[in-house]
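Reproduced below: coords-v6.cif, with mmCIF, N, CA and C atoms.
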data_start
#
loop_
_atom_site.label_atom_id
_atom_site.label_comp_id
_atom_site.auth_asym_id
_atom_site.auth_seq_id
_atom_site.Cartn_x
_atom_site.Cartn_y
_atom_site.Cartn_z
N MET A 93 -5.12 -3.59 21.43
CA MET A 93 -4.77 -3.30 20.05
C MET A 93 -5.31 -1.93 19.68
N ALA A 94 -4.49 -1.15 19.02
CA ALA A 94 -4.87 0.22 18.65
C ALA A 94 -5.93 0.21 17.55
N GLN A 95 -6.77 1.22 17.58
CA GLN A 95 -7.76 1.39 16.52
C GLN A 95 -7.06 1.83 15.25
N PHE A 96 -7.51 1.33 14.13
CA PHE A 96 -6.86 1.67 12.87
C PHE A 96 -7.86 2.09 11.80
N SER A 97 -9.12 1.74 11.96
CA SER A 97 -10.10 1.98 10.89
C SER A 97 -10.38 3.46 10.66
N HIS A 98 -9.99 4.32 11.59
CA HIS A 98 -10.22 5.75 11.42
C HIS A 98 -9.09 6.43 10.64
N LEU A 99 -7.98 5.74 10.45
CA LEU A 99 -6.82 6.34 9.79
C LEU A 99 -7.09 6.55 8.29
N PRO A 100 -6.85 7.75 7.78
CA PRO A 100 -7.04 7.98 6.34
C PRO A 100 -6.17 7.07 5.47
N ILE A 101 -4.95 6.78 5.92
CA ILE A 101 -4.07 5.91 5.14
C ILE A 101 -4.62 4.49 5.11
N TYR A 102 -5.21 4.05 6.20
CA TYR A 102 -5.84 2.73 6.23
C TYR A 102 -7.01 2.68 5.26
N LYS A 103 -7.83 3.72 5.26
CA LYS A 103 -8.98 3.75 4.37
C LYS A 103 -8.57 3.69 2.91
N LYS A 104 -7.53 4.45 2.54
CA LYS A 104 -7.05 4.44 1.15
C LYS A 104 -6.42 3.10 0.79
N ALA A 105 -5.64 2.53 1.70
CA ALA A 105 -5.02 1.23 1.45
C ALA A 105 -6.09 0.15 1.34
N TYR A 106 -7.15 0.26 2.13
CA TYR A 106 -8.25 -0.69 2.05
C TYR A 106 -8.94 -0.56 0.69
N ASP A 107 -9.18 0.68 0.27
CA ASP A 107 -9.79 0.92 -1.05
C ASP A 107 -8.93 0.31 -2.15
N LEU A 108 -7.61 0.47 -2.04
CA LEU A 108 -6.70 -0.08 -3.03
C LEU A 108 -6.75 -1.61 -3.03
N ALA A 109 -6.69 -2.22 -1.86
CA ALA A 109 -6.73 -3.68 -1.77
C ALA A 109 -8.04 -4.22 -2.34
N LEU A 110 -9.14 -3.56 -2.03
CA LEU A 110 -10.44 -3.97 -2.54
C LEU A 110 -10.50 -3.82 -4.06
N PHE A 111 -10.00 -2.72 -4.57
CA PHE A 111 -9.98 -2.47 -6.01
C PHE A 111 -9.16 -3.55 -6.73
N ILE A 112 -7.99 -3.86 -6.17
CA ILE A 112 -7.13 -4.88 -6.77
C ILE A 112 -7.82 -6.25 -6.75
N HIS A 113 -8.44 -6.60 -5.63
CA HIS A 113 -9.12 -7.89 -5.55
C HIS A 113 -10.24 -7.99 -6.58
N ARG A 114 -10.93 -6.90 -6.79
CA ARG A 114 -12.05 -6.93 -7.74
C ARG A 114 -11.59 -7.08 -9.18
N PHE A 115 -10.49 -6.43 -9.54
CA PHE A 115 -10.08 -6.57 -10.94
C PHE A 115 -9.17 -7.77 -11.17
N ALA A 116 -8.54 -8.30 -10.13
CA ALA A 116 -7.66 -9.45 -10.30
C ALA A 116 -8.44 -10.71 -10.68
N VAL A 117 -9.68 -10.80 -10.26
CA VAL A 117 -10.47 -12.00 -10.58
C VAL A 117 -10.94 -12.03 -12.03
N VAL A 118 -10.84 -10.90 -12.72
CA VAL A 118 -11.26 -10.88 -14.13
C VAL A 118 -10.07 -10.73 -15.08
N LEU A 119 -8.87 -10.89 -14.55
CA LEU A 119 -7.69 -10.89 -15.42
C LEU A 119 -7.76 -12.10 -16.35
N PRO A 120 -7.06 -12.04 -17.46
CA PRO A 120 -7.02 -13.21 -18.33
C PRO A 120 -6.53 -14.44 -17.56
N ARG A 121 -7.06 -15.58 -17.91
CA ARG A 121 -6.80 -16.81 -17.17
C ARG A 121 -5.31 -17.08 -16.96
N GLU A 122 -4.50 -16.82 -17.98
CA GLU A 122 -3.07 -17.12 -17.87
C GLU A 122 -2.36 -16.25 -16.83
N HIS A 123 -2.99 -15.13 -16.43
CA HIS A 123 -2.39 -14.23 -15.45
C HIS A 123 -3.12 -14.20 -14.11
N ARG A 124 -4.33 -14.71 -14.09
CA ARG A 124 -5.17 -14.60 -12.89
C ARG A 124 -4.57 -15.28 -11.67
N TYR A 125 -3.97 -16.45 -11.87
CA TYR A 125 -3.51 -17.23 -10.71
C TYR A 125 -2.04 -17.01 -10.38
N THR A 126 -1.35 -16.27 -11.20
CA THR A 126 0.05 -15.96 -10.92
C THR A 126 0.16 -14.47 -10.61
N PHE A 127 0.02 -13.67 -11.64
CA PHE A 127 0.15 -12.23 -11.49
C PHE A 127 -0.95 -11.67 -10.58
N GLY A 128 -2.18 -12.12 -10.79
CA GLY A 128 -3.31 -11.65 -9.97
C GLY A 128 -3.12 -12.00 -8.50
N ALA A 129 -2.62 -13.19 -8.24
CA ALA A 129 -2.38 -13.60 -6.85
C ALA A 129 -1.30 -12.73 -6.20
N LYS A 130 -0.24 -12.39 -6.95
CA LYS A 130 0.80 -11.51 -6.41
C LYS A 130 0.24 -10.13 -6.09
N LEU A 131 -0.60 -9.61 -6.97
CA LEU A 131 -1.23 -8.31 -6.74
C LEU A 131 -2.07 -8.32 -5.47
N LYS A 132 -2.91 -9.34 -5.34
CA LYS A 132 -3.78 -9.43 -4.17
C LYS A 132 -2.97 -9.59 -2.89
N GLU A 133 -1.94 -10.41 -2.94
CA GLU A 133 -1.09 -10.63 -1.77
C GLU A 133 -0.39 -9.34 -1.35
N SER A 134 0.13 -8.61 -2.32
CA SER A 134 0.84 -7.37 -2.01
C SER A 134 -0.11 -6.31 -1.46
N GLY A 135 -1.32 -6.21 -2.03
CA GLY A 135 -2.31 -5.26 -1.53
C GLY A 135 -2.70 -5.56 -0.10
N LEU A 136 -2.89 -6.83 0.21
CA LEU A 136 -3.24 -7.23 1.57
C LEU A 136 -2.06 -7.00 2.52
N CYS A 137 -0.86 -7.28 2.07
CA CYS A 137 0.33 -7.07 2.90
C CYS A 137 0.47 -5.59 3.26
N LEU A 138 0.24 -4.71 2.30
CA LEU A 138 0.30 -3.27 2.55
C LEU A 138 -0.68 -2.88 3.65
N LEU A 139 -1.88 -3.38 3.55
CA LEU A 139 -2.91 -3.09 4.54
C LEU A 139 -2.52 -3.60 5.92
N LEU A 140 -2.00 -4.80 5.99
CA LEU A 140 -1.61 -5.38 7.28
C LEU A 140 -0.42 -4.65 7.90
N LEU A 141 0.50 -4.17 7.07
CA LEU A 141 1.63 -3.40 7.59
C LEU A 141 1.17 -2.08 8.21
N ILE A 142 0.18 -1.46 7.60
CA ILE A 142 -0.37 -0.21 8.15
C ILE A 142 -1.00 -0.48 9.52
N ILE A 143 -1.74 -1.56 9.61
CA ILE A 143 -2.36 -1.93 10.89
C ILE A 143 -1.27 -2.20 11.94
N ARG A 144 -0.23 -2.92 11.56
CA ARG A 144 0.85 -3.24 12.49
C ARG A 144 1.58 -1.98 12.94
N ALA A 145 1.86 -1.08 12.00
CA ALA A 145 2.56 0.16 12.35
C ALA A 145 1.74 1.00 13.33
N ASN A 146 0.45 1.03 13.13
CA ASN A 146 -0.40 1.82 14.01
C ASN A 146 -0.44 1.28 15.43
N SER A 147 -0.25 -0.02 15.59
CA SER A 147 -0.36 -0.61 16.92
C SER A 147 0.97 -0.68 17.67
N ARG A 148 2.06 -0.31 17.03
CA ARG A 148 3.37 -0.37 17.66
C ARG A 148 3.84 0.98 18.16
N ARG A 149 4.60 0.95 19.22
CA ARG A 149 5.20 2.19 19.74
C ARG A 149 6.32 2.64 18.80
N GLU A 150 7.19 1.73 18.44
CA GLU A 150 8.30 2.02 17.52
C GLU A 150 7.83 1.66 16.11
N LYS A 151 7.54 2.68 15.33
CA LYS A 151 6.93 2.49 14.03
C LYS A 151 7.89 2.57 12.84
N SER A 152 9.05 3.15 13.02
CA SER A 152 9.90 3.49 11.88
C SER A 152 10.27 2.28 11.01
N THR A 153 10.63 1.16 11.60
CA THR A 153 10.99 -0.02 10.82
C THR A 153 9.80 -0.54 10.02
N ILE A 154 8.65 -0.59 10.65
CA ILE A 154 7.46 -1.08 9.96
C ILE A 154 7.03 -0.10 8.87
N LEU A 155 7.18 1.19 9.12
CA LEU A 155 6.84 2.17 8.09
C LEU A 155 7.77 2.05 6.89
N GLU A 156 9.04 1.73 7.12
CA GLU A 156 9.96 1.49 6.01
C GLU A 156 9.52 0.26 5.22
N ASP A 157 9.10 -0.80 5.91
CA ASP A 157 8.59 -1.99 5.24
C ASP A 157 7.33 -1.66 4.45
N THR A 158 6.50 -0.80 5.01
CA THR A 158 5.27 -0.39 4.33
C THR A 158 5.60 0.36 3.05
N SER A 159 6.58 1.24 3.13
CA SER A 159 7.01 2.00 1.96
C SER A 159 7.55 1.07 0.87
N GLU A 160 8.32 0.07 1.27
CA GLU A 160 8.84 -0.91 0.31
C GLU A 160 7.71 -1.71 -0.33
N GLU A 161 6.72 -2.08 0.45
CA GLU A 161 5.59 -2.85 -0.09
C GLU A 161 4.79 -2.01 -1.08
N LEU A 162 4.63 -0.72 -0.77
CA LEU A 162 3.94 0.19 -1.69
C LEU A 162 4.70 0.28 -3.01
N GLU A 163 6.02 0.38 -2.94
CA GLU A 163 6.83 0.44 -4.16
C GLU A 163 6.72 -0.87 -4.96
N LYS A 164 6.72 -1.99 -4.26
CA LYS A 164 6.56 -3.29 -4.92
C LYS A 164 5.23 -3.35 -5.66
N LEU A 165 4.19 -2.89 -5.02
CA LEU A 165 2.87 -2.90 -5.63
C LEU A 165 2.81 -1.97 -6.83
N LYS A 166 3.46 -0.81 -6.73
CA LYS A 166 3.52 0.12 -7.87
C LYS A 166 4.19 -0.54 -9.07
N ILE A 167 5.28 -1.26 -8.82
CA ILE A 167 5.99 -1.93 -9.90
C ILE A 167 5.13 -3.01 -10.54
N LEU A 168 4.43 -3.78 -9.72
CA LEU A 168 3.56 -4.83 -10.25
C LEU A 168 2.44 -4.24 -11.12
N ILE A 169 1.84 -3.16 -10.65
CA ILE A 169 0.76 -2.53 -11.42
C ILE A 169 1.32 -1.95 -12.72
N ARG A 170 2.48 -1.32 -12.64
CA ARG A 170 3.09 -0.75 -13.85
C ARG A 170 3.43 -1.86 -14.84
N LEU A 171 3.95 -2.96 -14.35
CA LEU A 171 4.26 -4.10 -15.21
C LEU A 171 2.99 -4.62 -15.87
N GLY A 172 1.94 -4.74 -15.09
CA GLY A 172 0.66 -5.18 -15.63
C GLY A 172 0.14 -4.26 -16.72
N ARG A 173 0.33 -2.97 -16.55
CA ARG A 173 -0.09 -2.00 -17.56
C ARG A 173 0.77 -2.13 -18.82
N ASP A 174 2.08 -2.23 -18.64
CA ASP A 174 2.99 -2.33 -19.78
C ASP A 174 2.78 -3.61 -20.58
N LEU A 175 2.39 -4.67 -19.89
CA LEU A 175 2.09 -5.94 -20.56
C LEU A 175 0.65 -5.99 -21.09
N GLU A 176 -0.06 -4.92 -20.88
CA GLU A 176 -1.46 -4.78 -21.32
C GLU A 176 -2.38 -5.81 -20.67
N ILE A 177 -2.03 -6.17 -19.43
CA ILE A 177 -2.89 -7.04 -18.63
C ILE A 177 -3.91 -6.18 -17.90
N ILE A 178 -3.50 -4.98 -17.52
CA ILE A 178 -4.33 -4.04 -16.78
C ILE A 178 -4.66 -2.87 -17.71
N GLY A 179 -5.95 -2.53 -17.78
CA GLY A 179 -6.39 -1.42 -18.62
C GLY A 179 -5.98 -0.06 -18.06
N MET A 180 -6.07 0.95 -18.92
CA MET A 180 -5.64 2.29 -18.54
C MET A 180 -6.47 2.86 -17.39
N LYS A 181 -7.78 2.67 -17.39
CA LYS A 181 -8.61 3.22 -16.31
C LYS A 181 -8.25 2.61 -14.96
N LYS A 182 -8.03 1.31 -14.94
CA LYS A 182 -7.64 0.65 -13.70
C LYS A 182 -6.26 1.12 -13.25
N TYR A 183 -5.36 1.28 -14.20
CA TYR A 183 -4.02 1.77 -13.90
C TYR A 183 -4.09 3.18 -13.30
N GLU A 184 -4.90 4.04 -13.90
CA GLU A 184 -5.03 5.42 -13.42
C GLU A 184 -5.62 5.46 -12.01
N GLU A 185 -6.60 4.62 -11.74
CA GLU A 185 -7.20 4.58 -10.40
C GLU A 185 -6.17 4.11 -9.38
N CYS A 186 -5.40 3.09 -9.72
CA CYS A 186 -4.34 2.62 -8.82
C CYS A 186 -3.31 3.71 -8.60
N ALA A 187 -2.93 4.42 -9.65
CA ALA A 187 -1.93 5.49 -9.53
C ALA A 187 -2.44 6.59 -8.61
N ARG A 188 -3.71 6.92 -8.70
CA ARG A 188 -4.29 7.94 -7.83
C ARG A 188 -4.23 7.49 -6.37
N LEU A 189 -4.59 6.25 -6.13
CA LEU A 189 -4.54 5.72 -4.76
C LEU A 189 -3.10 5.62 -4.25
N PHE A 190 -2.17 5.23 -5.13
CA PHE A 190 -0.75 5.19 -4.74
C PHE A 190 -0.28 6.56 -4.30
N GLU A 191 -0.65 7.57 -5.04
CA GLU A 191 -0.22 8.93 -4.71
C GLU A 191 -0.75 9.36 -3.35
N GLU A 192 -2.03 9.10 -3.10
CA GLU A 192 -2.63 9.48 -1.82
C GLU A 192 -2.00 8.70 -0.66
N ILE A 193 -1.81 7.42 -0.85
CA ILE A 193 -1.20 6.59 0.20
C ILE A 193 0.24 7.03 0.43
N GLY A 194 0.97 7.29 -0.64
CA GLY A 194 2.36 7.71 -0.54
C GLY A 194 2.53 9.01 0.22
N LYS A 195 1.64 9.98 -0.04
CA LYS A 195 1.70 11.26 0.68
C LYS A 195 1.45 11.05 2.17
N GLN A 196 0.45 10.25 2.49
CA GLN A 196 0.13 10.00 3.89
C GLN A 196 1.24 9.21 4.57
N LEU A 197 1.80 8.26 3.87
CA LEU A 197 2.89 7.46 4.43
C LEU A 197 4.12 8.32 4.65
N GLY A 198 4.44 9.18 3.70
CA GLY A 198 5.57 10.10 3.86
C GLY A 198 5.39 11.02 5.05
N GLY A 199 4.18 11.53 5.24
CA GLY A 199 3.90 12.37 6.41
C GLY A 199 4.04 11.60 7.71
N TRP A 200 3.61 10.37 7.72
CA TRP A 200 3.70 9.53 8.92
C TRP A 200 5.17 9.26 9.25
N ILE A 201 5.96 8.98 8.22
CA ILE A 201 7.39 8.73 8.43
C ILE A 201 8.08 9.98 8.96
N LYS A 202 7.78 11.14 8.39
CA LYS A 202 8.36 12.40 8.87
C LYS A 202 7.96 12.67 10.32
N SER A 203 6.71 12.42 10.62
CA SER A 203 6.22 12.62 11.98
C SER A 203 6.99 11.73 12.97
N GLN A 204 7.23 10.50 12.57
CA GLN A 204 7.96 9.58 13.45
C GLN A 204 9.40 10.02 13.64
N SER A 205 10.03 10.51 12.58
CA SER A 205 11.42 10.96 12.72
C SER A 205 11.50 12.22 13.58
N ARG A 206 10.50 13.12 13.46
CA ARG A 206 10.46 14.30 14.34
C ARG A 206 10.29 13.88 15.78
N ASN A 207 9.37 12.96 16.03
CA ASN A 207 9.14 12.48 17.39
C ASN A 207 10.39 11.81 17.96
N LYS A 208 11.09 11.08 17.13
CA LYS A 208 12.32 10.41 17.56
C LYS A 208 13.38 11.46 17.92
N ASN A 209 13.49 12.52 17.10
CA ASN A 209 14.46 13.59 17.38
C ASN A 209 14.11 14.35 18.65
N ILE A 210 12.85 14.58 18.87
CA ILE A 210 12.40 15.29 20.08
C ILE A 210 12.71 14.46 21.32
N SER A 211 12.39 13.17 21.27
CA SER A 211 12.63 12.32 22.43
C SER A 211 14.13 12.10 22.67
N ALA A 212 14.94 12.24 21.62
CA ALA A 212 16.38 12.08 21.78
C ALA A 212 17.03 13.39 22.22
N GLY A 213 16.25 14.47 22.21
CA GLY A 213 16.77 15.76 22.65
C GLY A 213 17.54 16.49 21.58
N ILE A 214 17.27 16.20 20.35
CA ILE A 214 17.97 16.85 19.23
C ILE A 214 17.22 18.08 18.79
#

Exercise: express the given structure as structure tokens:
Amino acid sequence: MAQFSHLPIYKKAYDLALFIHRFAVVLPREHRYTFGAKLKESGLCLLLLIIRANSRREKSTILEDTSEELEKLKILIRLGRDLEIIGMKKYEECARLFEEIGKQLGGWIKSQSRNKNISAGI
């Protein structure tokens, strides 16, 4: 299995998952076990997809899934903010982490498409 803990994208995704887990447990009771559980599940899924992509030779499909999961998590956090379940500071911290993860994920996807073009002789 490939090492993943050194990857900057893994570190940021781990920070995001940890941040989400910490604030999901203090959400209002009516949202903690539904909305909070979805947030935690999505954060963990993002992290696991990054680990899976790093260990595979063919990464493009998994990276697309990772990008979709990141977008899903962004929507959930935005919804939580709009419903005033999530405070502004927590929203801003998540947005900062989303931006960093998104930049790194975009670079990884571009790198994979370049590698694919090189190996195809294009």

Please evaluate the PyMOL selection byres ((chain A and resi 96-107) around 8) against the displayed coordinates and give the resulting residues as a PDB file with N, CA and C atoms, keeping the file's coordinate frame.
ATOM      1  N   MET A  93      -5.120  -3.590  21.430  1.00  0.00           N
ATOM      2  CA  MET A  93      -4.770  -3.300  20.050  1.00  0.00           C
ATOM      3  C   MET A  93      -5.310  -1.930  19.680  1.00  0.00           C
ATOM      4  N   ALA A  94      -4.490  -1.150  19.020  1.00  0.00           N
ATOM      5  CA  ALA A  94      -4.870   0.220  18.650  1.00  0.00           C
ATOM      6  C   ALA A  94      -5.930   0.210  17.550  1.00  0.00           C
ATOM      7  N   GLN A  95      -6.770   1.220  17.580  1.00  0.00           N
ATOM      8  CA  GLN A  95      -7.760   1.390  16.520  1.00  0.00           C
ATOM      9  C   GLN A  95      -7.060   1.830  15.250  1.00  0.00           C
ATOM     10  N   LEU A 108      -7.610   0.470  -2.040  1.00  0.00           N
ATOM     11  CA  LEU A 108      -6.700  -0.080  -3.030  1.00  0.00           C
ATOM     12  C   LEU A 108      -6.750  -1.610  -3.030  1.00  0.00           C
ATOM     13  N   ALA A 109      -6.690  -2.220  -1.860  1.00  0.00           N
ATOM     14  CA  ALA A 109      -6.730  -3.680  -1.770  1.00  0.00           C
ATOM     15  C   ALA A 109      -8.040  -4.220  -2.340  1.00  0.00           C
ATOM     16  N   LEU A 110      -9.140  -3.560  -2.030  1.00  0.00           N
ATOM     17  CA  LEU A 110     -10.440  -3.970  -2.540  1.00  0.00           C
ATOM     18  C   LEU A 110     -10.500  -3.820  -4.060  1.00  0.00           C
ATOM     19  N   PHE A 111     -10.000  -2.720  -4.570  1.00  0.00           N
ATOM     20  CA  PHE A 111      -9.980  -2.470  -6.010  1.00  0.00           C
ATOM     21  C   PHE A 111      -9.160  -3.550  -6.730  1.00  0.00           C
ATOM     22  N   ILE A 112      -7.990  -3.860  -6.170  1.00  0.00           N
ATOM     23  CA  ILE A 112      -7.130  -4.880  -6.770  1.00  0.00           C
ATOM     24  C   ILE A 112      -7.820  -6.250  -6.750  1.00  0.00           C
ATOM     25  N   HIS A 113      -8.440  -6.600  -5.630  1.00  0.00           N
ATOM     26  CA  HIS A 113      -9.120  -7.890  -5.550  1.00  0.00           C
ATOM     27  C   HIS A 113     -10.240  -7.990  -6.580  1.00  0.00           C
ATOM     28  N   GLY A 135      -1.320  -6.210  -2.030  1.00  0.00           N
ATOM     29  CA  GLY A 135      -2.310  -5.260  -1.530  1.00  0.00           C
ATOM     30  C   GLY A 135      -2.700  -5.560  -0.100  1.00  0.00           C
ATOM     31  N   LEU A 136      -2.890  -6.830   0.210  1.00  0.00           N
ATOM     32  CA  LEU A 136      -3.240  -7.230   1.570  1.00  0.00           C
ATOM     33  C   LEU A 136      -2.060  -7.000   2.520  1.00  0.00           C
ATOM     34  N   LEU A 138       0.240  -4.710   2.300  1.00  0.00           N
ATOM     35  CA  LEU A 138       0.300  -3.270   2.550  1.00  0.00           C
ATOM     36  C   LEU A 138      -0.680  -2.880   3.650  1.00  0.00           C
ATOM     37  N   LEU A 139      -1.880  -3.380   3.550  1.00  0.00           N
ATOM     38  CA  LEU A 139      -2.910  -3.090   4.540  1.00  0.00           C
ATOM     39  C   LEU A 139      -2.520  -3.600   5.920  1.00  0.00           C
ATOM     40  N   LEU A 140      -2.000  -4.800   5.990  1.00  0.00           N
ATOM     41  CA  LEU A 140      -1.610  -5.380   7.280  1.00  0.00           C
ATOM     42  C   LEU A 140      -0.420  -4.650   7.900  1.00  0.00           C
ATOM     43  N   ILE A 142       0.180  -1.460   7.600  1.00  0.00           N
ATOM     44  CA  ILE A 142      -0.370  -0.210   8.150  1.00  0.00           C
ATOM     45  C   ILE A 142      -1.000  -0.480   9.520  1.00  0.00           C
ATOM     46  N   ILE A 143      -1.740  -1.560   9.610  1.00  0.00           N
ATOM     47  CA  ILE A 143      -2.360  -1.930  10.890  1.00  0.00           C
ATOM     48  C   ILE A 143      -1.270  -2.200  11.940  1.00  0.00           C
ATOM     49  N   ASN A 146       0.450   1.030  13.130  1.00  0.00           N
ATOM     50  CA  ASN A 146      -0.400   1.820  14.010  1.00  0.00           C
ATOM     51  C   ASN A 146      -0.440   1.280  15.430  1.00  0.00           C
ATOM     52  N   SER A 147      -0.250  -0.020  15.590  1.00  0.00           N
ATOM     53  CA  SER A 147      -0.360  -0.610  16.920  1.00  0.00           C
ATOM     54  C   SER A 147       0.970  -0.680  17.670  1.00  0.00           C
ATOM     55  N   LEU A 189      -4.590   6.250  -6.130  1.00  0.00           N
ATOM     56  CA  LEU A 189      -4.540   5.720  -4.760  1.00  0.00           C
ATOM     57  C   LEU A 189      -3.100   5.620  -4.250  1.00  0.00           C
ATOM     58  N   PHE A 190      -2.170   5.230  -5.130  1.00  0.00           N
ATOM     59  CA  PHE A 190      -0.750   5.190  -4.740  1.00  0.00           C
ATOM     60  C   PHE A 190      -0.280   6.560  -4.300  1.00  0.00           C
ATOM     61  N   GLU A 192      -2.030   9.100  -3.100  1.00  0.00           N
ATOM     62  CA  GLU A 192      -2.630   9.480  -1.820  1.00  0.00           C
ATOM     63  C   GLU A 192      -2.000   8.700  -0.660  1.00  0.00           C
ATOM     64  N   ILE A 193      -1.810   7.420  -0.850  1.00  0.00           N
ATOM     65  CA  ILE A 193      -1.200   6.590   0.200  1.00  0.00           C
ATOM     66  C   ILE A 193       0.240   7.030   0.430  1.00  0.00           C
ATOM     67  N   GLY A 194       0.970   7.290  -0.640  1.00  0.00           N
ATOM     68  CA  GLY A 194       2.360   7.710  -0.540  1.00  0.00           C
ATOM     69  C   GLY A 194       2.530   9.010   0.220  1.00  0.00           C
ATOM     70  N   GLN A 196       0.450  10.250   2.490  1.00  0.00           N
ATOM     71  CA  GLN A 196       0.130  10.000   3.890  1.00  0.00           C
ATOM     72  C   GLN A 196       1.240   9.210   4.570  1.00  0.00           C
ATOM     73  N   LEU A 197       1.800   8.260   3.870  1.00  0.00           N
ATOM     74  CA  LEU A 197       2.890   7.460   4.430  1.00  0.00           C
ATOM     75  C   LEU A 197       4.120   8.320   4.650  1.00  0.00           C
TER      76      LEU A 197
END

What does the distance from atom C of A:Lys182 to atom C of A:Ile201 come to in Å, to one decimal?
27.9 Å

To one decimal place in Å, what is the distance between atom C of A:Lys166 and atom C of A:Glu150?
25.5 Å

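When the PyMOL selection byres (((chain A and resi 176-180 and name CA) around 10) and name CA) is run on the displayed coordinates, the residues it returns are Phe115, Ala116, Leu119, Pro120, His123, Arg124, Phe127, Gly128, Ile169, Arg170, Leu171, Gly172, Arg173, Asp174, Leu175, Lys181, Lys182, Tyr183, Glu184, Glu185 and Cys186 of chain A.
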
Here is a test: counting all atoms listed in the file, which residue of A:Leu168, A:Leu155, A:Val118, A:Leu162 is nearest to A:Lys130?
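Comparing A:Leu168, A:Leu155, A:Val118, A:Leu162 against A:Lys130, the winner is A:Leu168.
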
For the atom pair atom CA of A:Glu156 and atom CA of A:Lys195, what is the interatomic distance in Å to one decimal place?
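Value for the atom CA of A:Glu156-atom CA of A:Lys195 distance: 13.9 Å.
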
Could you write out as AutoDock Vina command-line options the box around stretch 183-194 of chain A (axis-aligned, all atoms listed in the file, 4 Å on each side), with centre and edge lengths in Å to one decimal?
--center_x -2.3 --center_y 5.4 --center_z -6.9 --size_x 17.7 --size_y 16.2 --size_z 22.6
